[in-house]
Amino acid sequence: MILYDYVLSPSCYKVRLLASLLGTGLDLRPVDFHPGAEHHGPEFRALNPAGTIPVLTDARLVLTESGAILTYLAAVKAPEWLGHDDPAMQARVANWLAFSQRLTASAGGARLHDMLGFSGDIDTLRAQATDALRELEAAIHARRRRGGIFLAADRPTIADIACFPYAALAPDGGVSLDPYPSIRLWMRAIRALPGFIEMPGIHRLHEQMPEPGPMPDVVRKESA
Amino acid sequence: MSVTMQDHWYPVALASGLRRSARDTLLLGRAIRVALDDGGAPVVTAEGRALPVQVKFGHVWTTLGVPAGDVFDIPEADQPGRRLVEVGSVKVRCSPLRAVENFLDIAHFPFVHTDVLGSEPHTEVERYEVEIRDDVDEVWATKVKFFQPQAARSAQGGITTEYMYRVPGPTCSVLYKTCPPRPGEWDVITLFVQPLTETTCEVWPWMALFDDDSTMTEMIHFQQLIFLQDRSILENQLPALLPLDPGREIPTRADMLSIAYRRWLKRHGYTFGAQLVAA
Amino acid sequence: MSSNWTPVALSQDVLPGMAIPAHLQDQDLVVWRSATGRIAAWHDRCPHRGMRLSHGFVRGEFLSCIYHGWRYGEDGQCRKIPAHPELAPPAAIKVPRFAVCESAGVVWVAPEGETSEPVDLPGFRGFRSVAVNAAADQVARDVAGQGHLGGCDVVMLVQPLPGGDCGLHVLVADGCADAQLDALSHAIEALRRRLEQGVAA
Ligand SMILES: N[C@@H](CCC(=O)N[C@@H](CS)C(=O)NCC(=O)O)C(=O)O
Ligand code: FES
Ligand SMILES: [Fe+2]
């Protein structure tokens with residue numbers, strides 16, 4: 001499978017992240033999104049008339065929406081990530097895939113504005129991102145009340161991968177994540193998955209790496 | 001007559017990126033407009049007044065004051081065989097001086113550029129040499145060595161990389177680093193910073209590399225990957241302004257270059273984006 | 001319910017090995033819990049180059065700064081500088097701390113040296129924290145204290161945040177039926193909407 005990719009694109013990162021979590025390789029084709037705007041050029045438009053990335057091709061199949069790409073990758077490599085155990089779960093996943101587009105439009109739009117100077121009404125974008133993050137926070141809190149943390153099932157599914165990047169990178173667009181304790185725990189659970197990879201702006205869990213050399217002496221001053 | 005930050009040249013656009021439609025931006029807090037004239041040459045204006053313009057390293061440079069000379073030179077960049085990489089700009093909510101200081105810093109590689117420019121347990125920064133070259137009025141660091149898992153797009157596995165750093169202007173820095181495919185030569189990587197306000201900047205990385213294997217897009221992406229890892233750090237340093245007086249922040253020997261840069265800024269009164277009295 | 005202690009987070013939201021950002025009035029704090037469960041509240045600023053420590057990581061009983069990995073022990077003292085692995089960090093490198101304690105499932109913070117105890121709230125546990133885009137004093141007048149919400153007995157703690165917002169930490173009575181908690185969560189959202197529209201509850 002060929003992924004037309006950009007290192008700074010959270011949408012491309014969704015696909016790279018899922019592939020890494022599934023332990024499967026992708027043939028990456030870097031697209032000069034910035035500063036070259038290659039995605040607006042005639043060659044790329046021939047592949048994807050919308051002029052957006054990511055694009056995934058597999059033989060004659062051409063997919064231009066990240067949700068569809070995640071679905072395909074999971075269906076081929078690891079169907080349990082689809083969350084198709086029962087109709088309700090399947091529908092929850094579909095709901096979150098659609099919801100993720102709201103994050104892309106709002107938090108992603110704010111990020112492109114603040115980082116790469118794209119045009120946009122920044123106050124509106126940030127307000128819409130806040131609305132979406134509040135919904136996400138409430139939903140994860142509800143999962144936590146039932147002993148879970150992932151969005152659609154008691155295990156991670158493509159729903160989590162679809163929503164994770166733009167939520168995690170909201171601060172790039174001037175939208176703070178400080179007020180969302182459940183989103184913080186959910187992001188931590190995703191970052192702790194075996195095979196997790198980072199992208200710029202999202203750190204790996206350095207706490208999981210072994211401490212090089214001896215731990216410094218623990219000095220305990222008992223507070224009264 | 002003393003040279004102020006106003007009198008320096010700053011990058012304000014990629015020459016290749018200019019279109020008929022003007023680019024409205026800021027320089028040192030002043031509104032400027034970058035456009036092409038009828039003959040296709042770049043013009044920069046501030047409130048209708050034409051500013052001096054030079055095109056160098058693929059970028060359009062301008063100044064609000066009276067420059068002492070041309071945009072600085074990078075002689076190595078003219079060597080034949082180098083690929084010149086226009087990385088494009090990224091906006092950062094940080095002081096332009098903090099952006100430069102971060103570029104001069106090695107010790108963060110294992111934690112911020114993990115498995116690319118550094119990795120635990122190879123965290124040690126050995127003693128290196130720092131000087132202010134009075135003849136050219138530039139800050140230099142030499143004999144900087146660091147272990148790197150993937151020093152460049154062209155590197156195969158970990159190597160100990162040697163660096164030299166140079167600060168030819170208050171918001172510009174050039175680094176020279178071991179060139180994996182061509183021992184004996186130095187890759188040239190720059191960070192040209194356009195100061196928008198005291199706490200926001202637009203960063204224009206540019207490179208002149210020996211690399212016959214990577215595509216241009218791959219080299220751009222490698223550099224954007226690295227710089228964007230720094231962005232989330234730069235936007236979360238407190239205070240936003242770079243403290244020039246010792247006391248608020250505690251350096252170690254690894255920070256000799258940052259200390260020299262801060263002293264040099266202070267000595268010249270290059271304080272746009274700096275804080276002088278410890279808050 | 002006035003006291004010198006400010007509620008800054010719910011205990012359930014700071015797991016062992018986590019560092020989170022928090023606020024005491026206009027002060028930025030990092031609140032973190034060590035692997036063995038000790039909680040701490042410090043200035044959210046690394047003494048080295050000013051990076052927010054809330055972006056850092058916890059290994060064992062130490063908090064590390066994400067920028068250059070300087071490692072701090074529970075007393076706020078710097079214990080390790082990775083760029084100089086052999087160096088014993090000077091005693092002057094220390095992060096200022098705040099008094100911190102946990103009760104009723106809430107993390108409370110006060111200026112260092114505080115000797116009083118935070119209010120006791122027997123029979124309640126932490127449920128949900130939300131940020132409200134409205135002034136703390138106004139929200140406190142409307143909702144602070146013990147009451148009923150979404151069919152549950154609750155205590156609402158209001159925390160001033162920088163920029164004129166406030167945090168609302170909702171505690172729920174131990175006896176509240178699980179089935180009621182979804183309604184409570186919705187009621188919190190509805191309450192926030194009302195507060196942000198400036199309409200008293
Ligand atoms: N593309 C560079 C990445 C470096 C870079 O531009 N950025 C800053 C990072 S703050 C720097 O100081 N880099 C040192 C370095 O190039 O290794 C490389 O080839 O390694
Ligand atoms: S700023 Fe924290 S370790 Fe350097
Ligand atoms: Fe860096």
# chains A, B, ... in the order shown; residues from 1 in each chain; ligands from 1
call {"tool": "residues_near_ligand", "arguments": {"ligand": "ligand 1", "cutoff": "6 Å", "atoms": "only C-alpha atoms and all ligand atoms", "output": "list of chain:residue names"}}
result
B:Asn102, B:Phe103, B:Leu104, B:Leu117, B:Ala151, B:Ala152, B:Ile189, B:Gln223, B:Ile226, B:Phe227
call {"tool": "interface_residues", "arguments": {"of": "chain B", "to": "chain A", "cutoff": "10 Å", "atoms": "only C-alpha atoms", "output": "ChimeraX atom specification"}}
result
/B:14,16-17,86-93,111-114,120-123,202,215-218,220-222,224-233,235
call {"tool": "residues_near_ligand", "arguments": {"ligand": "ligand 2", "cutoff": "10 Å", "atoms": "only C-alpha atoms and all ligand atoms", "output": "JSON, numbers by chain"}}
result
{"B": [105, 107, 108, 111, 233, 236, 237, 238, 249, 250, 251, 252, 255], "C": [45, 46, 47, 48, 49, 50, 51, 52, 53, 55, 56, 64, 65, 66, 67, 68, 69, 70, 71, 72, 78, 80, 81, 82, 83]}
call {"tool": "select_by_dssp", "arguments": {"residues": "range 35-156 of chain B", "states": "strand (DSSP E)", "output": "PyMOL selection string"}}
result
chain B and resi 35-36+42-46+49-51+53-56+59-62+83-86+90-92+129-133+138-148
call {"tool": "closest_residue", "arguments": {"among": "B:Val193, B:Phe146, B:Thr199, B:Pro80", "to": "Lys177 in chain B", "atoms": "only C-alpha atoms"}}
result
B:Phe146
call {"tool": "closest_residue", "arguments": {"among": "B:Val116, B:Leu265, B:Cys172, B:Val130", "to": "ligand 3", "atoms": "only C-alpha atoms and all ligand atoms"}}
result
B:Val116
call {"tool": "residues_around", "arguments": {"residues": "range 116-122 of chain C", "least_positions_apart": "4", "cutoff": "10 Å", "atoms": "only C-alpha atoms", "output": "PyMOL selection string"}}
result
chain C and resi 1-7+100-110+146+155+171+173-174
call {"tool": "interface_residues", "arguments": {"of": "chain A", "to": "chain C", "cutoff": "6 Å", "atoms": "only C-alpha atoms", "output": "NGL selection string"}}
result
:A and (179 or 181 or 207)
call {"tool": "write_last_selection", "arguments": {"atoms": "C-alpha atoms", "output": "short mmCIF file (atom, residue, chain, number, x, y, z; two decimals), in the first residue's frame"}}
result
data_model
loop_
_atom_site.label_atom_id
_atom_site.label_comp_id
_atom_site.auth_asym_id
_atom_site.auth_seq_id
_atom_site.Cartn_x
_atom_site.Cartn_y
_atom_site.Cartn_z
CA PRO A 179 -9.00 21.71 31.03
CA PRO A 181 -8.40 15.53 32.37
CA GLU A 207 8.75 7.48 31.31
#
call {"tool": "select_by_dssp", "arguments": {"residues": "range 106-195 of chain C", "states": "helix (DSSP H, G or I)", "output": "PyMOL selection string"}}
result
chain C and resi 136-143+162-164+178-195
call {"tool": "write_last_selection", "arguments": {"atoms": "C-alpha atoms", "output": "PDB file, in the first residue's frame"}}
result
ATOM      1  CA  ALA C 136     -15.026  32.351  39.727  1.00  0.00           C
ATOM      2  CA  ASP C 137     -16.693  34.698  42.194  1.00  0.00           C
ATOM      3  CA  GLN C 138     -19.872  34.815  40.146  1.00  0.00           C
ATOM      4  CA  VAL C 139     -19.946  31.031  39.706  1.00  0.00           C
ATOM      5  CA  ALA C 140     -19.189  30.542  43.388  1.00  0.00           C
ATOM      6  CA  ARG C 141     -22.119  32.760  44.324  1.00  0.00           C
ATOM      7  CA  ASP C 142     -24.384  30.667  42.145  1.00  0.00           C
ATOM      8  CA  VAL C 143     -23.338  27.119  42.836  1.00  0.00           C
ATOM      9  CA  PRO C 162      -6.049  32.742  35.042  1.00  0.00           C
ATOM     10  CA  GLY C 163      -7.770  34.712  32.314  1.00  0.00           C
ATOM     11  CA  GLY C 164     -11.039  35.037  34.232  1.00  0.00           C
ATOM     12  CA  ASP C 178     -24.272   4.392  39.308  1.00  0.00           C
ATOM     13  CA  ALA C 179     -27.322   4.753  37.115  1.00  0.00           C
ATOM     14  CA  GLN C 180     -27.631   8.344  38.287  1.00  0.00           C
ATOM     15  CA  LEU C 181     -24.109   9.352  37.273  1.00  0.00           C
ATOM     16  CA  ASP C 182     -24.813   9.763  33.564  1.00  0.00           C
ATOM     17  CA  ALA C 183     -27.567  12.185  34.464  1.00  0.00           C
ATOM     18  CA  LEU C 184     -25.177  14.014  36.762  1.00  0.00           C
ATOM     19  CA  SER C 185     -22.615  14.401  34.010  1.00  0.00           C
ATOM     20  CA  HIS C 186     -25.244  15.823  31.673  1.00  0.00           C
ATOM     21  CA  ALA C 187     -26.446  18.140  34.400  1.00  0.00           C
ATOM     22  CA  ILE C 188     -22.895  19.450  34.812  1.00  0.00           C
ATOM     23  CA  GLU C 189     -22.762  20.244  31.095  1.00  0.00           C
ATOM     24  CA  ALA C 190     -26.122  21.977  31.282  1.00  0.00           C
ATOM     25  CA  LEU C 191     -25.022  23.930  34.328  1.00  0.00           C
ATOM     26  CA  ARG C 192     -21.912  25.060  32.508  1.00  0.00           C
ATOM     27  CA  ARG C 193     -23.954  26.247  29.550  1.00  0.00           C
ATOM     28  CA  ARG C 194     -26.132  28.296  31.875  1.00  0.00           C
ATOM     29  CA  LEU C 195     -23.176  29.755  33.720  1.00  0.00           C
TER      30      LEU C 195
END
call {"tool": "closest_residue", "arguments": {"among": "C:Gln159, C:Ser54, C:Ser11, C:Thr36", "to": "chain B", "atoms": "only C-alpha atoms"}}
result
C:Ser54
call {"tool": "closest_residue", "arguments": {"among": "B:Glu101, B:Asp73, B:Asp37, B:Glu138", "to": "ligand 3", "atoms": "only C-alpha atoms and all ligand atoms"}}
result
B:Glu101
call {"tool": "atom_distance", "arguments": {"atom1": "CA of Thr271 in chain B", "atom2": "CA of Gln6 in chain B"}}
result
10.9 Å
